[in-house]
$ cat work-v9.txt   # compact mmCIF, C-alpha atoms and all ligand atoms
# COMPACT_ATOMS: atom_id res chain seq x y z
CA SER Y 1 6.58 27.66 20.82
CA LYS Y 2 3.40 28.25 22.81
CA GLU Y 3 3.22 31.92 21.89
CA ILE Y 4 3.71 31.23 18.18
CA LEU Y 5 1.18 28.40 18.22
CA GLU Y 6 -1.34 30.72 19.89
CA LYS Y 7 -0.77 33.37 17.24
CA GLN Y 8 -1.17 30.74 14.58
CA GLN Y 9 -4.43 29.64 16.08
CA ARG Y 10 -5.72 33.21 16.22
CA ASN Y 11 -4.76 34.29 12.72
CA GLU Y 12 -4.00 31.37 10.48
CA SER Y 13 -6.65 29.27 8.86
CA ALA Y 14 -7.87 26.26 10.81
CA ILE Y 15 -6.92 24.24 7.74
CA VAL Y 16 -3.35 23.73 9.02
CA SER Y 17 -2.93 20.09 9.95
CA TYR Y 18 0.57 19.02 10.97
CA SER Y 19 0.78 21.36 13.94
CA LYS Y 20 -2.50 19.90 15.21
CA GLN Y 21 -0.79 16.54 15.57
CA ILE Y 22 2.68 17.78 16.43
CA PRO Y 23 2.30 21.08 18.34
CA ILE Y 24 5.68 22.71 17.81
CA ALA Y 25 6.88 25.92 16.20
CA ILE Y 26 9.96 25.13 14.16
CA LYS Y 27 12.98 27.37 14.50
CA ARG Y 28 15.59 25.64 12.38
CA ALA Y 29 16.50 22.29 10.89
CA LYS Y 30 19.70 20.64 9.71
CA GLY Y 31 20.16 17.20 8.23
CA ALA Y 32 17.60 15.01 9.99
CA ILE Y 33 17.23 17.19 13.08
CA ILE Y 34 14.51 19.77 13.68
CA GLU Y 35 14.82 22.29 16.49
CA ASP Y 36 11.77 24.03 17.92
CA GLU Y 37 11.56 27.52 19.35
CA ASP Y 38 12.12 26.17 22.87
CA GLY Y 39 15.38 24.51 21.92
CA ASN Y 40 13.99 20.96 21.81
CA HIS Y 41 15.45 18.67 19.18
CA TYR Y 42 13.51 16.12 17.17
CA ILE Y 43 14.56 13.45 14.74
CA ASP Y 44 12.68 14.08 11.52
CA PHE Y 45 11.68 10.61 10.40
CA PHE Y 46 9.38 11.82 7.64
CA SER Y 47 11.49 14.45 5.85
CA LEU Y 48 8.62 16.89 6.43
CA ALA Y 49 6.34 15.09 3.99
CA GLY Y 50 8.97 13.29 1.96
CA VAL Y 51 10.64 16.48 0.75
CA VAL Y 52 14.11 16.96 2.24
CA ASN Y 53 15.62 13.72 0.95
CA VAL Y 54 19.12 15.26 0.94
CA GLY Y 55 18.60 16.61 4.46
CA HIS Y 56 17.37 19.92 5.81
CA CYS Y 57 19.51 22.92 4.77
CA ASN Y 58 22.04 20.69 3.05
CA ASP Y 59 25.18 22.88 2.75
CA PHE Y 60 26.20 21.47 -0.61
CA VAL Y 61 22.78 22.36 -2.06
CA LEU Y 62 22.66 25.75 -0.36
CA GLU Y 63 25.83 26.77 -2.21
CA TYR Y 64 23.93 26.37 -5.48
CA VAL Y 65 21.01 28.34 -4.04
CA ARG Y 66 23.18 31.24 -2.85
CA GLU Y 67 24.98 31.51 -6.15
CA GLN Y 68 21.72 31.46 -8.09
CA GLN Y 69 19.77 33.92 -5.98
CA ASP Y 70 22.28 36.68 -6.62
CA LYS Y 71 22.04 36.10 -10.34
CA LEU Y 72 18.50 35.31 -11.42
CA ILE Y 73 15.37 34.22 -9.59
CA HIS Y 74 12.46 34.54 -11.98
CA ALA Y 75 12.78 33.82 -15.69
CA LEU Y 76 9.24 32.74 -16.66
CA ASP Y 77 9.73 29.83 -19.04
CA PHE Y 78 12.72 31.27 -20.86
CA PRO Y 79 15.62 28.85 -21.13
CA THR Y 80 18.50 29.25 -18.73
CA GLU Y 81 21.69 27.27 -18.38
CA ASN Y 82 20.46 26.32 -14.94
CA LYS Y 83 17.20 24.88 -16.30
CA VAL Y 84 18.60 22.98 -19.28
CA ALA Y 85 21.14 21.42 -16.91
CA LEU Y 86 18.43 20.12 -14.57
CA ILE Y 87 16.41 18.76 -17.48
CA GLU Y 88 19.48 16.86 -18.67
CA LYS Y 89 20.10 15.44 -15.21
CA ILE Y 90 16.53 14.17 -14.96
CA LEU Y 91 16.59 12.61 -18.42
CA ASN Y 92 20.02 11.03 -17.87
CA LEU Y 93 18.64 9.09 -14.93
CA LEU Y 94 15.84 7.48 -16.94
CA SER Y 95 16.33 4.07 -18.43
CA PRO Y 96 19.05 4.36 -21.17
CA ASP Y 97 16.87 2.80 -23.85
CA VAL Y 98 14.12 5.42 -23.51
CA ARG Y 99 15.78 8.56 -22.22
CA ASP Y 100 16.12 10.15 -25.66
CA GLU Y 101 12.40 9.76 -26.21
CA PHE Y 102 11.32 11.65 -23.09
CA LYS Y 103 10.74 15.35 -22.46
CA VAL Y 104 10.44 17.42 -19.33
CA ALA Y 105 7.83 20.09 -18.59
CA PHE Y 106 7.99 22.08 -15.37
CA THR Y 107 4.39 22.42 -14.32
CA GLY Y 108 4.34 24.67 -11.28
CA PRO Y 109 5.37 24.65 -7.66
CA SER Y 110 3.42 21.73 -6.24
CA GLY Y 111 2.96 18.04 -6.88
CA SER Y 112 -0.72 18.61 -7.55
CA ASP Y 113 0.22 20.84 -10.50
CA ALA Y 114 2.16 17.99 -12.05
CA VAL Y 115 -0.78 15.61 -11.62
CA GLU Y 116 -3.14 18.13 -13.23
CA ALA Y 117 -0.81 18.50 -16.20
CA ALA Y 118 -0.42 14.74 -16.57
CA ILE Y 119 -4.17 14.12 -16.62
CA LYS Y 120 -4.69 16.99 -19.03
CA LEU Y 121 -2.01 15.75 -21.42
CA ALA Y 122 -3.46 12.22 -21.36
CA ARG Y 123 -6.90 13.58 -22.17
CA MET Y 124 -5.60 15.76 -24.97
CA PHE Y 125 -3.61 12.89 -26.45
CA THR Y 126 -6.38 10.31 -26.40
CA GLY Y 127 -9.38 12.58 -26.84
CA ARG Y 128 -10.98 10.51 -24.06
CA GLN Y 129 -12.08 11.66 -20.63
CA GLY Y 130 -11.93 8.92 -18.06
CA VAL Y 131 -9.16 8.15 -15.60
CA ILE Y 132 -8.62 4.97 -13.62
CA ALA Y 133 -7.02 5.51 -10.23
CA PHE Y 134 -6.46 3.21 -7.26
CA GLN Y 135 -7.95 2.68 -3.85
CA GLY Y 136 -5.52 4.04 -1.28
CA SER Y 137 -4.14 6.65 -3.68
CA TYR Y 138 -3.07 10.19 -2.94
CA HIS Y 139 -2.40 12.59 -5.79
CA GLY Y 140 -3.08 16.05 -4.38
CA MET Y 141 -5.67 18.64 -3.52
CA THR Y 142 -6.46 20.55 -6.73
CA SER Y 143 -9.65 19.46 -8.46
CA GLY Y 144 -8.18 16.95 -10.90
CA ALA Y 145 -5.65 15.55 -8.43
CA LEU Y 146 -8.23 15.35 -5.66
CA SER Y 147 -10.62 13.57 -8.00
CA ALA Y 148 -7.96 10.87 -8.40
CA THR Y 149 -7.37 10.67 -4.63
CA SER Y 150 -9.39 7.86 -3.16
CA ASN Y 151 -10.03 9.01 0.42
CA THR Y 152 -13.71 9.94 0.24
CA SER Y 153 -13.55 12.00 3.43
CA LEU Y 154 -11.28 14.47 1.61
CA ARG Y 155 -13.98 15.05 -0.98
CA SER Y 156 -17.09 15.05 1.16
CA GLY Y 157 -19.30 18.09 0.74
CA LEU Y 158 -17.58 19.22 -2.45
CA GLY Y 159 -20.08 17.96 -4.97
CA ALA Y 160 -18.90 17.08 -8.44
CA LEU Y 161 -15.20 17.48 -9.18
CA VAL Y 162 -13.63 16.05 -12.31
CA PRO Y 163 -15.97 13.41 -13.73
CA ASP Y 164 -15.22 9.91 -14.99
CA ILE Y 165 -12.65 8.81 -12.44
CA HIS Y 166 -12.92 5.23 -11.21
CA PHE Y 167 -11.02 3.58 -8.40
CA ILE Y 168 -9.87 0.01 -8.62
CA PRO Y 169 -8.11 -2.16 -6.01
CA TYR Y 170 -4.36 -1.68 -5.58
CA SER Y 171 -1.97 -4.58 -5.25
CA TYR Y 172 -2.09 -4.52 -1.45
CA CYS Y 173 -1.07 -8.06 -0.66
CA TYR Y 174 -1.26 -7.86 3.15
CA ARG Y 175 -4.96 -7.14 2.69
CA CYS Y 176 -5.54 -8.66 -0.72
CA PRO Y 177 -8.73 -7.06 -2.04
CA PHE Y 178 -9.55 -10.40 -3.67
CA ASP Y 179 -8.72 -12.39 -0.56
CA LEU Y 180 -6.06 -14.41 -2.38
CA GLN Y 181 -2.62 -15.66 -1.35
CA LYS Y 182 0.43 -13.86 -2.66
CA ASP Y 183 2.07 -16.81 -4.38
CA THR Y 184 -1.05 -18.16 -6.05
CA CYS Y 185 -3.05 -15.01 -6.83
CA ARG Y 186 -1.95 -14.80 -10.48
CA LEU Y 187 -2.13 -11.04 -10.15
CA GLN Y 188 -5.88 -10.83 -9.92
CA CYS Y 189 -5.54 -7.05 -9.49
CA VAL Y 190 -4.12 -6.80 -13.01
CA GLN Y 191 -6.79 -9.17 -14.34
CA TYR Y 192 -9.42 -6.91 -12.77
CA PHE Y 193 -8.08 -3.91 -14.70
CA ARG Y 194 -8.14 -5.98 -17.88
CA SER Y 195 -11.72 -7.07 -17.30
CA LEU Y 196 -12.84 -3.46 -16.81
CA LEU Y 197 -11.56 -2.67 -20.27
CA GLU Y 198 -12.62 -5.86 -22.01
CA ASN Y 199 -15.94 -6.71 -20.45
CA PRO Y 200 -18.64 -4.86 -22.42
CA HIS Y 201 -20.72 -4.80 -19.24
CA SER Y 202 -18.08 -3.20 -17.01
CA GLY Y 203 -20.03 0.05 -17.20
CA ILE Y 204 -16.87 2.07 -17.80
CA ALA Y 205 -16.05 3.87 -21.03
CA LYS Y 206 -12.50 3.43 -22.24
CA PRO Y 207 -10.41 5.83 -20.15
CA ALA Y 208 -7.71 8.27 -21.22
CA ALA Y 209 -5.30 7.27 -18.49
CA ILE Y 210 -4.49 5.12 -15.55
CA ILE Y 211 -2.64 6.85 -12.71
CA LEU Y 212 -0.81 5.07 -9.93
CA GLU Y 213 1.89 5.41 -7.33
CA PRO Y 214 4.48 2.65 -7.94
CA VAL Y 215 4.70 2.49 -4.15
CA GLN Y 216 1.64 3.95 -2.43
CA GLY Y 217 2.79 6.63 -0.01
CA GLU Y 218 -0.05 8.12 2.01
CA GLY Y 219 -1.82 4.81 1.46
CA GLY Y 220 0.65 3.23 3.91
CA VAL Y 221 3.84 2.50 1.92
CA VAL Y 222 2.18 -0.29 0.00
CA ILE Y 223 4.71 -2.09 -2.19
CA PRO Y 224 2.90 -3.90 -4.99
CA HIS Y 225 3.32 -7.53 -5.95
CA ASP Y 226 6.17 -8.32 -8.35
CA GLY Y 227 4.74 -8.09 -11.84
CA PHE Y 228 1.94 -5.68 -10.91
CA LEU Y 229 3.44 -2.58 -12.55
CA GLU Y 230 4.51 -4.57 -15.62
CA GLY Y 231 1.02 -6.08 -15.88
CA ILE Y 232 -0.77 -2.74 -15.63
CA VAL Y 233 1.49 -1.17 -18.24
CA GLN Y 234 1.07 -4.15 -20.55
CA VAL Y 235 -2.74 -4.06 -20.39
CA ALA Y 236 -2.81 -0.27 -20.76
CA ARG Y 237 -0.56 -0.47 -23.85
CA GLU Y 238 -2.80 -3.07 -25.46
CA HIS Y 239 -5.68 -0.61 -25.07
CA ASN Y 240 -3.77 2.57 -25.89
CA ILE Y 241 -4.34 4.04 -22.44
CA VAL Y 242 -1.80 6.50 -21.11
CA VAL Y 243 0.04 5.30 -18.00
CA ILE Y 244 0.94 7.90 -15.39
CA PHE Y 245 3.35 6.93 -12.62
CA ASP Y 246 3.12 9.37 -9.75
CA GLU Y 247 6.68 9.41 -8.39
CA ILE Y 248 6.16 12.57 -6.35
CA GLN Y 249 6.71 10.81 -3.03
CA ALA Y 250 8.33 7.52 -4.00
CA GLY Y 251 10.82 9.12 -6.41
CA PHE Y 252 14.02 11.07 -5.92
CA PHE Y 253 16.00 8.11 -4.54
CA ARG Y 254 13.55 7.46 -1.71
CA THR Y 255 13.61 3.75 -2.52
CA GLY Y 256 17.32 3.67 -3.42
CA LYS Y 257 16.78 4.27 -7.12
CA PHE Y 258 15.96 7.59 -8.77
CA LEU Y 259 12.41 6.39 -9.43
CA SER Y 260 10.68 3.67 -7.48
CA SER Y 261 9.33 2.09 -10.67
CA GLN Y 262 12.91 1.48 -11.82
CA HIS Y 263 13.06 -1.51 -9.45
CA ALA Y 264 10.59 -3.20 -11.79
CA GLY Y 265 12.33 -1.86 -14.91
CA VAL Y 266 9.04 -0.66 -16.31
CA VAL Y 267 8.43 2.67 -18.00
CA PRO Y 268 5.13 4.59 -18.15
CA ASP Y 269 4.10 7.31 -20.60
CA ILE Y 270 4.21 10.08 -17.98
CA TYR Y 271 6.04 10.46 -14.67
CA THR Y 272 5.02 13.11 -12.18
CA MET Y 273 7.81 14.44 -9.97
CA SER Y 274 8.02 17.01 -7.18
CA LYS Y 275 9.05 17.13 -3.49
CA GLY Y 276 12.71 15.93 -3.57
CA ILE Y 277 13.54 17.43 -6.95
CA GLY Y 278 13.41 20.90 -5.36
CA GLY Y 279 16.47 20.03 -3.31
CA VAL Y 280 15.98 21.15 0.24
CA GLY Y 281 12.33 22.15 0.08
CA PHE Y 282 12.08 24.65 -2.76
CA PRO Y 283 8.80 24.22 -4.63
CA LEU Y 284 9.23 22.53 -7.98
CA ALA Y 285 7.22 20.01 -9.97
CA ALA Y 286 7.49 18.45 -13.38
CA ILE Y 287 6.05 15.90 -15.69
CA VAL Y 288 8.44 13.78 -17.70
CA TYR Y 289 6.71 12.17 -20.64
CA HIS Y 290 7.21 10.16 -23.79
CA GLN Y 291 7.28 12.19 -26.97
CA ARG Y 292 4.75 9.92 -28.59
CA ILE Y 293 2.02 11.57 -26.51
CA GLU Y 294 3.20 15.10 -27.24
CA LYS Y 295 -0.17 16.47 -28.21
CA TRP Y 296 0.04 19.93 -26.78
CA SER Y 297 1.55 22.80 -28.65
CA SER Y 298 3.24 25.97 -27.45
CA GLY Y 299 1.07 27.88 -25.00
CA LYS Y 300 -1.44 25.10 -24.37
CA HIS Y 301 -0.42 24.72 -20.75
CA ILE Y 302 0.99 27.91 -19.35
CA GLY Y 303 1.57 29.43 -15.92
CA THR Y 304 3.69 32.09 -14.26
CA PHE Y 305 5.64 29.89 -11.90
CA ARG Y 306 6.86 26.92 -13.81
CA GLY Y 307 10.39 26.50 -12.72
CA ASN Y 308 11.64 29.12 -10.33
CA GLN Y 309 15.38 29.47 -10.93
CA VAL Y 310 16.28 29.09 -7.26
CA SER Y 311 14.21 25.90 -7.01
CA ILE Y 312 15.89 24.64 -10.15
CA ALA Y 313 19.36 25.50 -8.81
CA ALA Y 314 18.49 23.63 -5.61
CA GLY Y 315 17.40 20.69 -7.76
CA ASN Y 316 20.71 20.78 -9.63
CA GLY Y 317 22.49 20.85 -6.29
CA ALA Y 318 20.50 17.91 -4.98
CA PHE Y 319 21.19 15.73 -8.04
CA ASP Y 320 24.92 16.58 -7.87
CA PHE Y 321 24.98 15.85 -4.15
CA VAL Y 322 23.41 12.43 -4.73
CA ALA Y 323 25.98 11.61 -7.43
CA GLN Y 324 29.00 12.88 -5.54
CA THR Y 325 28.15 11.15 -2.28
CA SER Y 326 26.90 7.87 -3.85
CA LEU Y 327 23.77 8.41 -1.81
CA PRO Y 328 21.90 5.37 -3.20
CA ASP Y 329 24.56 3.07 -1.70
CA HIS Y 330 24.12 4.77 1.65
CA VAL Y 331 20.35 4.35 1.35
CA LEU Y 332 20.78 0.60 0.87
CA ARG Y 333 22.99 0.32 3.95
CA MET Y 334 20.56 2.32 6.08
CA GLU Y 335 17.65 0.33 4.69
CA SER Y 336 19.06 -2.93 5.98
CA LEU Y 337 19.82 -1.43 9.41
CA LEU Y 338 16.29 -0.11 9.74
CA ARG Y 339 14.68 -3.25 8.38
CA ASP Y 340 16.53 -5.48 10.84
CA ARG Y 341 15.47 -3.37 13.80
CA LEU Y 342 11.85 -3.14 12.66
CA GLU Y 343 11.58 -6.86 11.94
CA GLN Y 344 13.04 -7.69 15.34
CA LEU Y 345 10.46 -5.43 16.93
CA GLN Y 346 7.66 -6.95 14.87
CA ARG Y 347 8.52 -10.41 16.21
CA ARG Y 348 8.16 -9.14 19.77
CA MET Y 349 5.01 -7.07 19.31
CA PRO Y 350 1.57 -8.66 19.03
CA PHE Y 351 0.19 -5.61 17.25
CA ILE Y 352 2.63 -5.11 14.37
CA GLY Y 353 1.00 -6.97 11.50
CA GLU Y 354 3.45 -6.13 8.76
CA VAL Y 355 6.72 -4.28 8.22
CA ARG Y 356 7.32 -3.38 4.61
CA GLY Y 357 9.85 -1.12 3.03
CA ARG Y 358 12.07 -0.33 0.13
CA GLY Y 359 15.02 2.01 0.48
CA LEU Y 360 14.22 4.46 3.26
CA PHE Y 361 10.48 4.20 2.74
CA PHE Y 362 8.88 2.02 5.43
CA GLY Y 363 5.35 1.23 6.51
CA ILE Y 364 4.62 -0.46 9.84
CA GLU Y 365 1.06 -1.70 9.89
CA TYR Y 366 -0.70 -2.05 13.26
CA VAL Y 367 -3.49 -4.50 13.94
CA LYS Y 368 -5.54 -5.52 16.96
CA ASP Y 369 -4.71 -9.12 16.25
CA LYS Y 370 -2.26 -10.66 13.82
CA ASN Y 371 -4.76 -13.31 12.69
CA SER Y 372 -7.85 -11.18 12.18
CA LYS Y 373 -5.70 -8.25 10.92
CA GLU Y 374 -8.29 -5.84 12.29
CA PRO Y 375 -6.71 -2.40 11.76
CA ASP Y 376 -5.71 -0.48 14.88
CA SER Y 377 -5.56 3.25 14.24
CA ASP Y 378 -5.82 4.21 17.93
CA ILE Y 379 -2.53 2.65 18.87
CA VAL Y 380 -0.82 4.33 15.97
CA ARG Y 381 -1.97 7.75 17.14
CA LYS Y 382 -0.84 6.92 20.68
CA ILE Y 383 2.59 5.82 19.47
CA ARG Y 384 3.00 8.97 17.42
CA LEU Y 385 2.20 11.18 20.40
CA LEU Y 386 4.51 9.30 22.78
CA CYS Y 387 7.35 9.29 20.24
CA PHE Y 388 6.90 13.02 19.63
CA LYS Y 389 7.26 13.65 23.36
CA LYS Y 390 10.53 11.73 23.28
CA GLY Y 391 11.82 13.55 20.20
CA LEU Y 392 10.88 11.41 17.20
CA LEU Y 393 8.59 12.70 14.46
CA PHE Y 394 6.87 10.66 11.75
CA GLU Y 395 3.64 10.52 9.80
CA ILE Y 396 0.82 8.05 9.84
CA GLY Y 397 -1.25 6.89 6.90
CA GLY Y 398 -2.67 3.78 5.36
CA HIS Y 399 -6.00 2.70 3.93
CA TYR Y 400 -7.25 2.47 7.53
CA ASN Y 401 -4.98 5.08 9.15
CA ASN Y 402 -3.19 2.29 10.94
CA VAL Y 403 0.25 2.52 9.36
CA ILE Y 404 3.28 4.35 10.75
CA ARG Y 405 5.29 5.75 7.89
CA PHE Y 406 9.05 6.22 8.12
CA LEU Y 407 10.70 8.40 5.46
CA PRO Y 408 13.83 9.81 7.08
CA PRO Y 409 16.14 12.08 5.09
CA LEU Y 410 18.31 9.80 2.97
CA VAL Y 411 21.42 11.22 4.66
CA ILE Y 412 20.33 9.74 8.00
CA THR Y 413 23.26 8.25 9.95
CA PRO Y 414 23.43 4.89 11.73
CA ALA Y 415 23.67 6.78 15.04
CA LEU Y 416 20.42 8.62 14.38
CA ILE Y 417 18.66 5.44 13.27
CA GLU Y 418 19.82 3.91 16.53
CA ARG Y 419 18.45 6.84 18.54
CA ALA Y 420 15.14 6.85 16.66
CA MET Y 421 14.70 3.11 17.00
CA ALA Y 422 15.52 3.20 20.71
CA ILE Y 423 12.65 5.66 21.20
CA PHE Y 424 10.35 3.72 18.93
CA GLU Y 425 11.06 0.39 20.63
CA GLU Y 426 10.65 1.83 24.10
CA VAL Y 427 7.26 3.32 23.21
CA ASN Y 428 6.05 0.12 21.53
CA LEU Y 429 7.16 -2.01 24.46
CA SER Y 430 5.45 0.34 26.92
CA LEU Y 431 2.15 -0.30 25.13
CA SER Y 432 2.45 -4.03 24.78
CA GLY Y 433 1.07 -4.58 28.28
N1 LIG N 1 1.24 12.71 -5.31
C1 LIG N 1 1.78 12.06 -4.28
C2 LIG N 1 2.15 10.61 -4.44
C3 LIG N 1 1.99 12.70 -3.06
O1 LIG N 1 2.51 12.03 -2.03
C4 LIG N 1 1.65 14.07 -2.95
C5 LIG N 1 1.88 14.84 -1.66
N2 LIG N 1 1.82 14.10 -0.50
C6 LIG N 1 1.09 14.72 -4.06
C7 LIG N 1 0.91 14.00 -5.23
C8 LIG N 1 0.67 16.16 -4.01
O2 LIG N 1 1.75 17.01 -3.89
P1 LIG N 1 1.54 18.48 -3.31
O3 LIG N 1 1.14 18.35 -1.88
O4 LIG N 1 2.88 19.15 -3.48
O5 LIG N 1 0.51 19.14 -4.16

$ encode --input "work-v9.txt" --output "structure tokens"
Amino acid sequence: SKEILEKQQRNESAIVSYSKQIPIAIKRAKGAIIEDEDGNHYIDFFSLAGVVNVGHCNDFVLEYVREQQDKLIHALDFPTENKVALIEKILNLLSPDVRDEFKVAFTGPSGSDAVEAAIKLARMFTGRQGVIAFQGSYHGMTSGALSATSNTSLRSGLGALVPDIHFIPYSYCYRCPFDLQKDTCRLQCVQYFRSLLENPHSGIAKPAAIILEPVQGEGGVVIPHDGFLEGIVQVAREHNIVVIFDEIQAGFFRTGKFLSSQHAGVVPDIYTMSKGIGGVGFPLAAIVYHQRIEKWSSGKHIGTFRGNQVSIAAGNGAFDFVAQTSLPDHVLRMESLLRDRLEQLQRRMPFIGEVRGRGLFFGIEYVKDKNSKEPDSDIVRKIRLLCFKKGLLFEIGGHYNNVIRFLPPLVITPALIERAMAIFEEVNLSLSG
């Protein structure tokens, strides 16, 4: 590992980030286990950025890949049996009352491409410019997607990106931006959105779109208040504003349903999808949108790599794997195992302020004190380092970088959850003084 890391440091851009936090060179990975070049094994508790939901190098999916790669790899945007099959699978998993009204566009290899396409389509449809996004959001690194990403440090020194993007408070009940209580707040966060649109002195021109993650990912696995998504969609509809749900991280069964917004039973105008839909890590991204906003015509949004056939085959394999193994049921069982262990730990630890999760998507928020809720990002970094040394890998995030994020591959077994939690508990206890 050391030799490879040194070569990386010499020749690869300093922009690389994960290996700065977790200094390993990866040799191979299977299921939820990563092996480094020195033969060390690690439990991957973040699916390498929420991608390998069906597990690293899933054999079932790799069969589809092998068969496809001998047949056809690049087909531009010509139709193939492979592609129409994946489109059908995606549409069939939408809510039955709307699935016939939606269309799929493959937008390029990365999630950011899908976000760009979604914002562009909303602007073309409405003829308006502005976009409302949320504090704590992450939508990607290309200009449009970065403009809708709230972390100002990611944009510093860049000057003007895409104009007319405004950030409003997310429904982050543990730290309610309006300082209200969960059961009596009357969804002030939705009322705030309404007032921006209806108050002539809000200073904001009517936007084209509102973009949100139905569960904030990088923002610290923030699960919004019941009624929040419904409220936002309702207000947006009243004002003819396009709603974009970014399901790039929260989708593909991460929360136990195909899309995280399906827990609320609410449907936007555009979904963005990526990460898990490429099966075992093949790059693929799409927008799935309601025909009523179909404003672009043939050739209005083109690109060379919009649906590589191997990525699409891997996607077909991943959807079939989920169906054949009843993976969502497994997710629910693993969710309750993990939740129990984390809640037990929270009761013992003075510095775990909140444990929140849905499916296999958990955020553990660390504070200096449970009453003041002062964020503690130092302890989170310490815990990550100590866990890494014991063979457990995960990401951190959150509005204040004080949240440990668990997104294991959905195929994780009870035995591996046990091993991961044993490490995690030991490290937490060792720091509790
Ligand atoms: N949206 C969300 C919600 C994400 O989590 C990410 C990636 N973390 C993106 C968009 C951007 O995807 P990509 O890195 O593939 O461009």

$ closest_residue --input "work-v9.txt" --among "Y:Gly217, Y:Gly203, Y:Gly136, Y:Pro169" --to "ligand LIG 1 (chain N)" --atoms "all atoms listed in the file"
Y:Gly217

$ residues_near_ligand --input "work-v9.txt" --ligand "ligand LIG 1 (chain N)" --cutoff "10 Å" --atoms "all atoms listed in the file" --output "PyMOL selection string"
chain Y and resi 49-51+108-116+137-142+145-146+148-149+212-219+245-251+272-275+283-285

$ atom_distance --input "work-v9.txt" --atom1 "atom CA of Lys390 of chain Y" --atom2 "atom CA of Arg405 of chain Y"
17.3 Å

$ residues_around --input "work-v9.txt" --residues "Leu121 of chain Y" --least-positions-apart "2" --cutoff "8 Å" --atoms "all atoms listed in the file" --output "MDAnalysis selection string"
chainID Y and resid 117:119 123:125 293:296

$ residues_around --input "work-v9.txt" --residues "Ala209 of chain Y" --least-positions-apart "3" --cutoff "10 Å" --atoms "all atoms listed in the file" --output "MDAnalysis selection string"
chainID Y and resid 118:123 125:126 128:133 165 206 212 236 240:244 269:270

$ residues_around --input "work-v9.txt" --residues "Ala313 of chain Y" --least-positions-apart "3" --cutoff "9 Å" --atoms "all atoms listed in the file" --output "list of chain:residue names"
Y:Val61, Y:Tyr64, Y:Val65, Y:Glu67, Y:Gln68, Y:Gln69, Y:Asn82, Y:Lys83, Y:Leu86, Y:Gly278, Y:Gly279, Y:Asn308, Y:Gln309, Y:Val310, Y:Asn316, Y:Gly317, Y:Ala318

$ residues_around --input "work-v9.txt" --residues "segment 253-258 of chain Y" --least-positions-apart "3" --cutoff "7 Å" --atoms "only C-alpha atoms" --output "tab-separated table (two decimals) with C-alpha atoms, keeping the file's coordinate frame"
chain	number	residue	atom	x	y	z
Y	93	LEU	CA	18.64	9.09	-14.93
Y	250	ALA	CA	8.33	7.52	-4.00
Y	262	GLN	CA	12.91	1.48	-11.82
Y	328	PRO	CA	21.90	5.37	-3.20
Y	331	VAL	CA	20.35	4.35	1.35
Y	332	LEU	CA	20.78	0.60	0.87
Y	358	ARG	CA	12.07	-0.33	0.13
Y	359	GLY	CA	15.02	2.01	0.48
Y	360	LEU	CA	14.22	4.46	3.26
Y	361	PHE	CA	10.48	4.20	2.74

$ atom_distance --input "work-v9.txt" --atom1 "atom CA of Ile210 of chain Y" --atom2 "atom CA of Gly265 of chain Y"
18.2 Å

$ residues_around --input "work-v9.txt" --residues "segment 23-25 of chain Y" --least-positions-apart "5" --cutoff "12 Å" --atoms "all atoms listed in the file" --output "number ranges by chain"
Y: 1-9, 16-18, 34-42, 385, 388-389, 391, 393

$ atom_distance --input "work-v9.txt" --atom1 "atom CA of Pro409 of chain Y" --atom2 "atom CA of Ile383 of chain Y"
20.7 Å

$ decode --input "work-v9.txt" --residues "segment 285-300 of chain Y" --atoms "C-alpha atoms" --output "PDB file, in the first residue's frame"
ATOM      1  CA  ALA Y 285     -27.026   8.520 -14.284  1.00  0.00           C
ATOM      2  CA  ALA Y 286     -30.527   9.393 -15.337  1.00  0.00           C
ATOM      3  CA  ILE Y 287     -33.352  11.780 -14.849  1.00  0.00           C
ATOM      4  CA  VAL Y 288     -36.848  10.372 -14.658  1.00  0.00           C
ATOM      5  CA  TYR Y 289     -39.441  13.031 -15.279  1.00  0.00           C
ATOM      6  CA  HIS Y 290     -43.109  13.698 -15.823  1.00  0.00           C
ATOM      7  CA  GLN Y 291     -44.124  14.097 -19.442  1.00  0.00           C
ATOM      8  CA  ARG Y 292     -45.951  17.308 -18.673  1.00  0.00           C
ATOM      9  CA  ILE Y 293     -42.601  19.103 -18.447  1.00  0.00           C
ATOM     10  CA  GLU Y 294     -41.250  17.576 -21.651  1.00  0.00           C
ATOM     11  CA  LYS Y 295     -40.061  20.807 -23.175  1.00  0.00           C
ATOM     12  CA  TRP Y 296     -36.921  19.660 -24.874  1.00  0.00           C
ATOM     13  CA  SER Y 297     -36.895  18.218 -28.328  1.00  0.00           C
ATOM     14  CA  SER Y 298     -34.555  15.784 -30.020  1.00  0.00           C
ATOM     15  CA  GLY Y 299     -30.943  16.898 -29.785  1.00  0.00           C
ATOM     16  CA  LYS Y 300     -31.492  19.591 -27.156  1.00  0.00           C
TER      17      LYS Y 300
END
